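K.L.:
Contents of query_35.pdb (PDB, C-alpha atoms, pLDDT in the B column):
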```pdb
ATOM      1  CA  MET A 150     -36.012 -21.276  26.395  1.00 93.00           C
ATOM      2  CA  LEU A 151     -37.070 -19.028  23.536  1.00 96.00           C
ATOM      3  CA  ALA A 152     -34.647 -16.301  24.610  1.00 97.00           C
ATOM      4  CA  GLN A 153     -31.794 -18.815  24.835  1.00 98.00           C
ATOM      5  CA  PHE A 154     -32.674 -20.155  21.378  1.00 98.00           C
ATOM      6  CA  PHE A 155     -32.372 -16.682  19.845  1.00 98.00           C
ATOM      7  CA  VAL A 156     -29.159 -15.891  21.723  1.00 98.00           C
ATOM      8  CA  GLY A 157     -27.763 -19.178  20.408  1.00 98.00           C
ATOM      9  CA  LEU A 158     -28.935 -18.317  16.902  1.00 98.00           C
ATOM     10  CA  VAL A 159     -27.083 -14.992  17.024  1.00 98.00           C
ATOM     11  CA  ALA A 160     -23.972 -16.784  18.303  1.00 98.00           C
ATOM     12  CA  VAL A 161     -24.119 -19.353  15.488  1.00 98.00           C
ATOM     13  CA  GLU A 162     -24.610 -16.568  12.944  1.00 98.00           C
ATOM     14  CA  HIS A 163     -21.447 -14.859  14.170  1.00 98.00           C
ATOM     15  CA  VAL A 164     -19.470 -18.096  14.046  1.00 98.00           C
ATOM     16  CA  TYR A 165     -20.617 -18.416  10.424  1.00 98.00           C
ATOM     17  CA  ILE A 166     -19.492 -14.849   9.719  1.00 97.00           C
ATOM     18  CA  LEU A 167     -16.151 -15.629  11.388  1.00 98.00           C
ATOM     19  CA  ILE A 168     -15.699 -18.598   9.046  1.00 98.00           C
ATOM     20  CA  LEU A 169     -16.612 -16.533   5.979  1.00 98.00           C
ATOM     21  CA  GLU A 170     -14.324 -13.655   6.898  1.00 98.00           C
ATOM     22  CA  MET A 171     -11.348 -15.560   8.286  1.00 98.00           C
ATOM     23  CA  PHE A 172     -11.203 -18.660   6.113  1.00 98.00           C
ATOM     24  CA  LEU A 173     -13.445 -18.286   3.063  1.00 98.00           C
ATOM     25  CA  TRP A 174     -13.026 -14.597   2.227  1.00 98.00           C
ATOM     26  CA  THR A 175     -11.765 -15.132  -1.318  1.00 98.00           C
ATOM     27  CA  THR A 176     -14.274 -17.868  -2.229  1.00 98.00           C
ATOM     28  CA  PRO A 177     -17.265 -17.188  -4.488  1.00 98.00           C
ATOM     29  CA  ARG A 178     -19.642 -17.714  -1.545  1.00 97.00           C
ATOM     30  CA  ALA A 179     -18.008 -15.022   0.602  1.00 97.00           C
ATOM     31  CA  ARG A 180     -17.486 -12.656  -2.320  1.00 97.00           C
ATOM     32  CA  LYS A 181     -21.200 -12.914  -3.148  1.00 96.00           C
ATOM     33  CA  ALA A 182     -22.224 -12.412   0.498  1.00 94.00           C
ATOM     34  CA  PHE A 183     -20.053  -9.325   0.882  1.00 94.00           C
ATOM     35  CA  GLY A 184     -20.264  -7.996  -2.667  1.00 94.00           C
ATOM     36  CA  THR A 185     -16.537  -8.049  -3.423  1.00 96.00           C
ATOM     37  CA  SER A 186     -14.620  -8.803  -6.568  1.00 97.00           C
ATOM     38  CA  VAL A 187     -11.760 -11.290  -6.750  1.00 98.00           C
ATOM     39  CA  GLU A 188      -9.292  -8.400  -6.646  1.00 98.00           C
ATOM     40  CA  GLN A 189     -10.990  -6.671  -3.700  1.00 98.00           C
ATOM     41  CA  ALA A 190     -11.150  -9.925  -1.764  1.00 98.00           C
ATOM     42  CA  GLU A 191      -7.427 -10.598  -2.224  1.00 98.00           C
ATOM     43  CA  VAL A 192      -6.434  -7.077  -1.185  1.00 98.00           C
ATOM     44  CA  THR A 193      -8.753  -6.983   1.842  1.00 98.00           C
ATOM     45  CA  LYS A 194      -8.115 -10.536   3.074  1.00 98.00           C
ATOM     46  CA  PRO A 195      -6.119  -9.466   6.189  1.00 98.00           C
ATOM     47  CA  LEU A 196      -8.765  -6.883   7.119  1.00 97.00           C
ATOM     48  CA  ALA A 197     -11.552  -9.411   6.703  1.00 98.00           C
ATOM     49  CA  ALA A 198      -9.731 -11.919   8.892  1.00 98.00           C
ATOM     50  CA  ASN A 199      -9.479  -9.270  11.608  1.00 98.00           C
ATOM     51  CA  GLN A 200     -13.217  -8.565  11.307  1.00 96.00           C
ATOM     52  CA  GLY A 201     -13.897 -12.279  11.515  1.00 98.00           C
ATOM     53  CA  LEU A 202     -11.948 -12.509  14.732  1.00 98.00           C
ATOM     54  CA  TYR A 203     -14.125  -9.785  16.266  1.00 97.00           C
ATOM     55  CA  ASN A 204     -17.256 -11.641  15.180  1.00 98.00           C
ATOM     56  CA  GLY A 205     -15.831 -14.693  16.902  1.00 98.00           C
ATOM     57  CA  PHE A 206     -15.432 -12.705  20.110  1.00 98.00           C
ATOM     58  CA  LEU A 207     -19.096 -11.697  19.915  1.00 98.00           C
ATOM     59  CA  ALA A 208     -20.096 -15.352  19.464  1.00 98.00           C
ATOM     60  CA  ALA A 209     -17.853 -16.425  22.347  1.00 98.00           C
ATOM     61  CA  GLY A 210     -19.397 -13.822  24.637  1.00 98.00           C
ATOM     62  CA  LEU A 211     -22.904 -14.962  23.779  1.00 98.00           C
ATOM     63  CA  VAL A 212     -22.011 -18.601  24.399  1.00 98.00           C
ATOM     64  CA  TRP A 213     -20.390 -17.591  27.689  1.00 98.00           C
ATOM     65  CA  GLY A 214     -23.672 -15.975  28.712  1.00 98.00           C
ATOM     66  CA  LEU A 215     -25.619 -19.082  27.705  1.00 98.00           C
ATOM     67  CA  VAL A 216     -23.464 -21.507  29.699  1.00 98.00           C
ATOM     68  CA  HIS A 217     -22.729 -19.330  32.720  1.00 98.00           C
ATOM     69  CA  PRO A 218     -23.676 -21.257  35.890  1.00 98.00           C
ATOM     70  CA  ASN A 219     -25.412 -18.215  37.392  1.00 98.00           C
ATOM     71  CA  ALA A 220     -28.502 -17.440  35.295  1.00 96.00           C
ATOM     72  CA  VAL A 221     -28.641 -13.774  36.351  1.00 97.00           C
ATOM     73  CA  THR A 222     -24.990 -13.165  35.505  1.00 98.00           C
ATOM     74  CA  GLY A 223     -25.404 -15.139  32.274  1.00 98.00           C
ATOM     75  CA  GLY A 224     -28.331 -12.930  31.298  1.00 98.00           C
ATOM     76  CA  GLU A 225     -26.304  -9.791  31.987  1.00 98.00           C
ATOM     77  CA  ILE A 226     -23.470 -11.135  29.808  1.00 98.00           C
ATOM     78  CA  GLU A 227     -25.960 -11.915  27.032  1.00 98.00           C
ATOM     79  CA  ILE A 228     -27.384  -8.398  27.241  1.00 98.00           C
ATOM     80  CA  PHE A 229     -23.927  -6.845  26.967  1.00 98.00           C
ATOM     81  CA  PHE A 230     -22.922  -8.881  23.924  1.00 98.00           C
ATOM     82  CA  LEU A 231     -26.309  -8.493  22.210  1.00 98.00           C
ATOM     83  CA  VAL A 232     -26.010  -4.722  22.597  1.00 98.00           C
ATOM     84  CA  CYS A 233     -22.513  -4.966  21.070  1.00 98.00           C
ATOM     85  CA  VAL A 234     -23.954  -6.908  18.117  1.00 98.00           C
ATOM     86  CA  LEU A 235     -26.705  -4.301  17.707  1.00 98.00           C
ATOM     87  CA  VAL A 236     -24.250  -1.405  17.747  1.00 98.00           C
ATOM     88  CA  ALA A 237     -22.072  -3.187  15.176  1.00 97.00           C
ATOM     89  CA  ALA A 238     -25.134  -3.934  13.023  1.00 98.00           C
ATOM     90  CA  VAL A 239     -26.321  -0.324  13.088  1.00 98.00           C
ATOM     91  CA  TYR A 240     -22.852   0.954  12.247  1.00 97.00           C
ATOM     92  CA  GLY A 241     -22.383  -1.620   9.494  1.00 96.00           C
ATOM     93  CA  GLY A 242     -25.878  -1.017   8.163  1.00 96.00           C
ATOM     94  CA  PHE A 243     -25.230   2.672   7.692  1.00 96.00           C
ATOM     95  CA  SER A 244     -21.559   2.545   6.695  1.00 95.00           C
ATOM     96  CA  ALA A 245     -21.234  -0.631   4.644  1.00 92.00           C
ATOM     97  CA  LYS A 246     -24.393  -2.460   3.607  1.00 92.00           C
ATOM     98  CA  ARG A 247     -28.007  -1.827   4.632  1.00 95.00           C
ATOM     99  CA  SER A 248     -28.845  -5.532   4.755  1.00 95.00           C
ATOM    100  CA  ILE A 249     -26.629  -5.866   7.846  1.00 96.00           C
ATOM    101  CA  LEU A 250     -29.418  -4.181   9.807  1.00 97.00           C
ATOM    102  CA  LEU A 251     -31.779  -7.000   8.886  1.00 97.00           C
ATOM    103  CA  VAL A 252     -29.400  -9.963   8.798  1.00 96.00           C
ATOM    104  CA  GLN A 253     -27.461  -9.232  11.997  1.00 97.00           C
ATOM    105  CA  GLY A 254     -29.416  -6.510  13.755  1.00 98.00           C
ATOM    106  CA  LEU A 255     -32.906  -8.002  13.709  1.00 98.00           C
ATOM    107  CA  PRO A 256     -32.000 -11.383  15.258  1.00 98.00           C
ATOM    108  CA  ALA A 257     -29.950  -9.589  17.928  1.00 98.00           C
ATOM    109  CA  LEU A 258     -32.828  -7.200  18.643  1.00 98.00           C
ATOM    110  CA  ILE A 259     -35.283 -10.088  18.974  1.00 98.00           C
ATOM    111  CA  ALA A 260     -32.872 -11.972  21.251  1.00 98.00           C
ATOM    112  CA  LEU A 261     -32.293  -8.867  23.373  1.00 98.00           C
ATOM    113  CA  ALA A 262     -36.013  -8.201  23.721  1.00 98.00           C
ATOM    114  CA  LEU A 263     -36.603 -11.799  24.769  1.00 98.00           C
ATOM    115  CA  VAL A 264     -33.732 -11.800  27.270  1.00 98.00           C
ATOM    116  CA  LEU A 265     -35.016  -8.562  28.805  1.00 97.00           C
ATOM    117  CA  TRP A 266     -38.646  -9.649  28.754  1.00 95.00           C
ATOM    118  CA  LEU A 267     -38.349 -13.264  29.902  1.00 81.00           C
TER     119      LEU A 267
END
```
Can you present the structure in this file as structure tokens?

P.N.:
Amino acid sequence: MLAQFFVGLVAVEHVYILILEMFLWTTPRARKAFGTSVEQAEVTKPLAANQGLYNGFLAAGLVWGLVHPNAVTGGEIEIFFLVCVLVAAVYGGFSAKRSILLVQGLPALIALALVLWL
């Protein structure tokens, strides 16, 4: 149950990121979260929407793993998508903003460890 909770938490986090990037990119909340100005947000809106879509795919994959009728296959799907989240977090942490390592990478790492361990 604990592993599934953390996988679900990572999925919800990526749905939230999808919403920020696809629909709220130019709002003060999203600009503060991503450190962009009004001008930067307007210019990068199509790019952010594309990023949001990818975050949605990560969330969808994690949910797929959670609801898969075969627990073993579901766990393998969760592992794949958690590794994808970790790779994206490491890349983003070193190329864009260090806090991505903590905000996205740490929950994914905890979830992955629990899925592998339990």

K.L.:
For a cutoff of 12 Å around the file-coordinate point (-27.0, -12.4, 32.9), which residues qualify once you count only C-alpha atoms? I'd like the result as a PDB file with C-alpha atoms, keeping the file's coordinate frame.

P.N.:
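Now in out.pdb:
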```
ATOM      1  CA  ALA A 152     -34.647 -16.301  24.610  1.00 97.00           C
ATOM      2  CA  GLN A 153     -31.794 -18.815  24.835  1.00 98.00           C
ATOM      3  CA  VAL A 156     -29.159 -15.891  21.723  1.00 98.00           C
ATOM      4  CA  GLY A 210     -19.397 -13.822  24.637  1.00 98.00           C
ATOM      5  CA  LEU A 211     -22.904 -14.962  23.779  1.00 98.00           C
ATOM      6  CA  VAL A 212     -22.011 -18.601  24.399  1.00 98.00           C
ATOM      7  CA  TRP A 213     -20.390 -17.591  27.689  1.00 98.00           C
ATOM      8  CA  GLY A 214     -23.672 -15.975  28.712  1.00 98.00           C
ATOM      9  CA  LEU A 215     -25.619 -19.082  27.705  1.00 98.00           C
ATOM     10  CA  VAL A 216     -23.464 -21.507  29.699  1.00 98.00           C
ATOM     11  CA  HIS A 217     -22.729 -19.330  32.720  1.00 98.00           C
ATOM     12  CA  PRO A 218     -23.676 -21.257  35.890  1.00 98.00           C
ATOM     13  CA  ASN A 219     -25.412 -18.215  37.392  1.00 98.00           C
ATOM     14  CA  ALA A 220     -28.502 -17.440  35.295  1.00 96.00           C
ATOM     15  CA  VAL A 221     -28.641 -13.774  36.351  1.00 97.00           C
ATOM     16  CA  THR A 222     -24.990 -13.165  35.505  1.00 98.00           C
ATOM     17  CA  GLY A 223     -25.404 -15.139  32.274  1.00 98.00           C
ATOM     18  CA  GLY A 224     -28.331 -12.930  31.298  1.00 98.00           C
ATOM     19  CA  GLU A 225     -26.304  -9.791  31.987  1.00 98.00           C
ATOM     20  CA  ILE A 226     -23.470 -11.135  29.808  1.00 98.00           C
ATOM     21  CA  GLU A 227     -25.960 -11.915  27.032  1.00 98.00           C
ATOM     22  CA  ILE A 228     -27.384  -8.398  27.241  1.00 98.00           C
ATOM     23  CA  PHE A 229     -23.927  -6.845  26.967  1.00 98.00           C
ATOM     24  CA  PHE A 230     -22.922  -8.881  23.924  1.00 98.00           C
ATOM     25  CA  LEU A 231     -26.309  -8.493  22.210  1.00 98.00           C
ATOM     26  CA  LEU A 261     -32.293  -8.867  23.373  1.00 98.00           C
ATOM     27  CA  VAL A 264     -33.732 -11.800  27.270  1.00 98.00           C
ATOM     28  CA  LEU A 265     -35.016  -8.562  28.805  1.00 97.00           C
ATOM     29  CA  LEU A 267     -38.349 -13.264  29.902  1.00 81.00           C
TER      30      LEU A 267
END
```

K.L.:
If we count all atoms listed in the file and set the cut-off at 8 Å, which residues sit around region 235-244 of chain A, ignoring sequence neighbours fewer than 5 positions away in its own chain? Please answer as a list of chain:residue names.

P.N.:
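Selected residues are A:Ile249, A:Leu250, A:Gln253, A:Gly254, A:Ala257, A:Leu258.
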
K.L.:
Show me, as a ChimeraX atom specification, the residues that have an atom within 12 Å of region 166-173 of chain A when counting all atoms listed in the file, minus same-chain residues fewer than 2 positions from it.

P.N.:
/A:159-164,175-183,185,190-191,193-209,249,252-253

K.L.:
Separation of CA of Gly184 (chain A) and CA of Phe154 (chain A), in Å?

P.N.:
29.7 Å

K.L.:
Would you work out the distance separating CA of Ala260 (chain A) from CA of Met150 (chain A), expressed in Å to one decimal?

P.N.:
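CA of Met150 (chain A) lies 11.1 Å from CA of Ala260 (chain A).
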
K.L.:
Could you please determine the separation between CA of Ala262 (chain A) and CA of Phe155 (chain A) in Å, to one decimal place?

P.N.:
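Going from CA of Ala262 (chain A) over to CA of Phe155 (chain A) covers 10.0 Å.
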
K.L.:
For region 220-258 of chain A of the structure just presented, write N, CA and C atoms to a file, as a CSV table (one decimal), in the first residue's frame.

P.N.:
```csv
chain,number,residue,atom,x,y,z
A,220,ALA,N,-0.8,-7.6,-11.1
A,220,ALA,CA,0.1,-6.8,-10.2
A,220,ALA,C,1.6,-6.8,-10.6
A,221,VAL,N,2.0,-7.9,-11.1
A,221,VAL,CA,3.5,-8.0,-11.6
A,221,VAL,C,3.7,-7.1,-12.7
A,222,THR,N,2.8,-7.2,-13.7
A,222,THR,CA,2.9,-6.3,-14.9
A,222,THR,C,2.8,-4.8,-14.5
A,223,GLY,N,1.8,-4.6,-13.6
A,223,GLY,CA,1.6,-3.2,-13.1
A,223,GLY,C,2.8,-2.7,-12.4
A,224,GLY,N,3.5,-3.5,-11.6
A,224,GLY,CA,4.7,-3.1,-11.0
A,224,GLY,C,5.8,-2.8,-12.0
A,225,GLU,N,5.9,-3.6,-13.0
A,225,GLU,CA,6.9,-3.3,-14.1
A,225,GLU,C,6.7,-2.0,-14.8
A,226,ILE,N,5.4,-1.7,-15.1
A,226,ILE,CA,5.0,-0.5,-15.7
A,226,ILE,C,5.4,0.7,-14.8
A,227,GLU,N,5.1,0.6,-13.5
A,227,GLU,CA,5.4,1.6,-12.5
A,227,GLU,C,6.9,1.9,-12.5
A,228,ILE,N,7.7,0.8,-12.5
A,228,ILE,CA,9.2,0.9,-12.5
A,228,ILE,C,9.6,1.7,-13.7
A,229,PHE,N,9.1,1.3,-14.9
A,229,PHE,CA,9.5,2.0,-16.1
A,229,PHE,C,9.2,3.5,-16.0
A,230,PHE,N,8.0,3.9,-15.7
A,230,PHE,CA,7.6,5.3,-15.6
A,230,PHE,C,8.3,6.0,-14.5
A,231,LEU,N,8.6,5.4,-13.4
A,231,LEU,CA,9.3,6.1,-12.3
A,231,LEU,C,10.8,6.3,-12.7
A,232,VAL,N,11.4,5.4,-13.5
A,232,VAL,CA,12.7,5.6,-14.0
A,232,VAL,C,12.7,6.8,-15.0
A,233,CYS,N,11.6,6.9,-15.8
A,233,CYS,CA,11.5,8.0,-16.7
A,233,CYS,C,11.4,9.3,-16.0
A,234,VAL,N,10.6,9.4,-14.9
A,234,VAL,CA,10.5,10.6,-14.1
A,234,VAL,C,11.9,10.9,-13.5
A,235,LEU,N,12.6,9.9,-13.0
A,235,LEU,CA,13.9,10.2,-12.4
A,235,LEU,C,14.9,10.7,-13.4
A,236,VAL,N,14.9,10.2,-14.6
A,236,VAL,CA,15.8,10.7,-15.6
A,236,VAL,C,15.5,12.1,-16.0
A,237,ALA,N,14.2,12.4,-16.1
A,237,ALA,CA,13.7,13.8,-16.4
A,237,ALA,C,14.1,14.7,-15.3
A,238,ALA,N,14.0,14.3,-14.0
A,238,ALA,CA,14.3,15.1,-12.9
A,238,ALA,C,15.8,15.4,-12.8
A,239,VAL,N,16.6,14.4,-13.1
A,239,VAL,CA,18.1,14.6,-13.1
A,239,VAL,C,18.4,15.6,-14.2
A,240,TYR,N,17.9,15.4,-15.4
A,240,TYR,CA,18.2,16.3,-16.5
A,240,TYR,C,17.7,17.7,-16.2
A,241,GLY,N,16.5,17.8,-15.7
A,241,GLY,CA,16.0,19.1,-15.4
A,241,GLY,C,16.7,19.8,-14.2
A,242,GLY,N,17.1,19.0,-13.3
A,242,GLY,CA,17.8,19.5,-12.1
A,242,GLY,C,19.2,20.1,-12.5
A,243,PHE,N,19.8,19.5,-13.5
A,243,PHE,CA,21.1,20.0,-13.9
A,243,PHE,C,21.1,21.0,-15.0
A,244,SER,N,20.0,21.0,-15.8
A,244,SER,CA,19.9,21.9,-16.9
A,244,SER,C,19.0,23.1,-16.7
A,245,ALA,N,18.1,23.0,-15.8
A,245,ALA,CA,17.1,24.1,-15.7
A,245,ALA,C,17.1,24.7,-14.3
A,246,LYS,N,16.7,23.8,-13.3
A,246,LYS,CA,16.5,24.3,-11.9
A,246,LYS,C,16.8,23.2,-10.9
A,247,ARG,N,17.8,23.4,-10.0
A,247,ARG,CA,18.2,22.4,-9.1
A,247,ARG,C,17.0,21.8,-8.3
A,248,SER,N,16.1,22.7,-7.9
A,248,SER,CA,15.0,22.2,-7.1
A,248,SER,C,14.2,21.1,-7.7
A,249,ILE,N,14.3,20.9,-9.0
A,249,ILE,CA,13.6,19.8,-9.7
A,249,ILE,C,14.0,18.5,-9.1
A,250,LEU,N,15.3,18.4,-8.8
A,250,LEU,CA,15.8,17.1,-8.2
A,250,LEU,C,15.1,16.8,-6.9
A,251,LEU,N,14.8,17.8,-6.1
A,251,LEU,CA,14.1,17.5,-4.8
A,251,LEU,C,12.6,17.4,-5.0
A,252,VAL,N,12.0,18.3,-5.8
A,252,VAL,CA,10.5,18.3,-6.0
A,252,VAL,C,10.0,17.1,-6.8
A,253,GLN,N,10.7,16.8,-7.8
A,253,GLN,CA,10.2,15.7,-8.7
A,253,GLN,C,11.0,14.4,-8.5
A,254,GLY,N,12.3,14.6,-8.3
A,254,GLY,CA,13.2,13.4,-8.3
A,254,GLY,C,13.0,12.6,-7.0
A,255,LEU,N,13.0,13.3,-5.8
A,255,LEU,CA,12.9,12.6,-4.5
A,255,LEU,C,11.7,11.8,-4.4
A,256,PRO,N,10.5,12.3,-4.7
A,256,PRO,CA,9.3,11.5,-4.6
A,256,PRO,C,9.3,10.2,-5.5
A,257,ALA,N,9.9,10.4,-6.7
A,257,ALA,CA,10.0,9.3,-7.6
A,257,ALA,C,11.0,8.3,-7.1
A,258,LEU,N,12.1,8.7,-6.6
A,258,LEU,CA,13.1,7.8,-6.0
A,258,LEU,C,12.5,7.0,-4.9
```
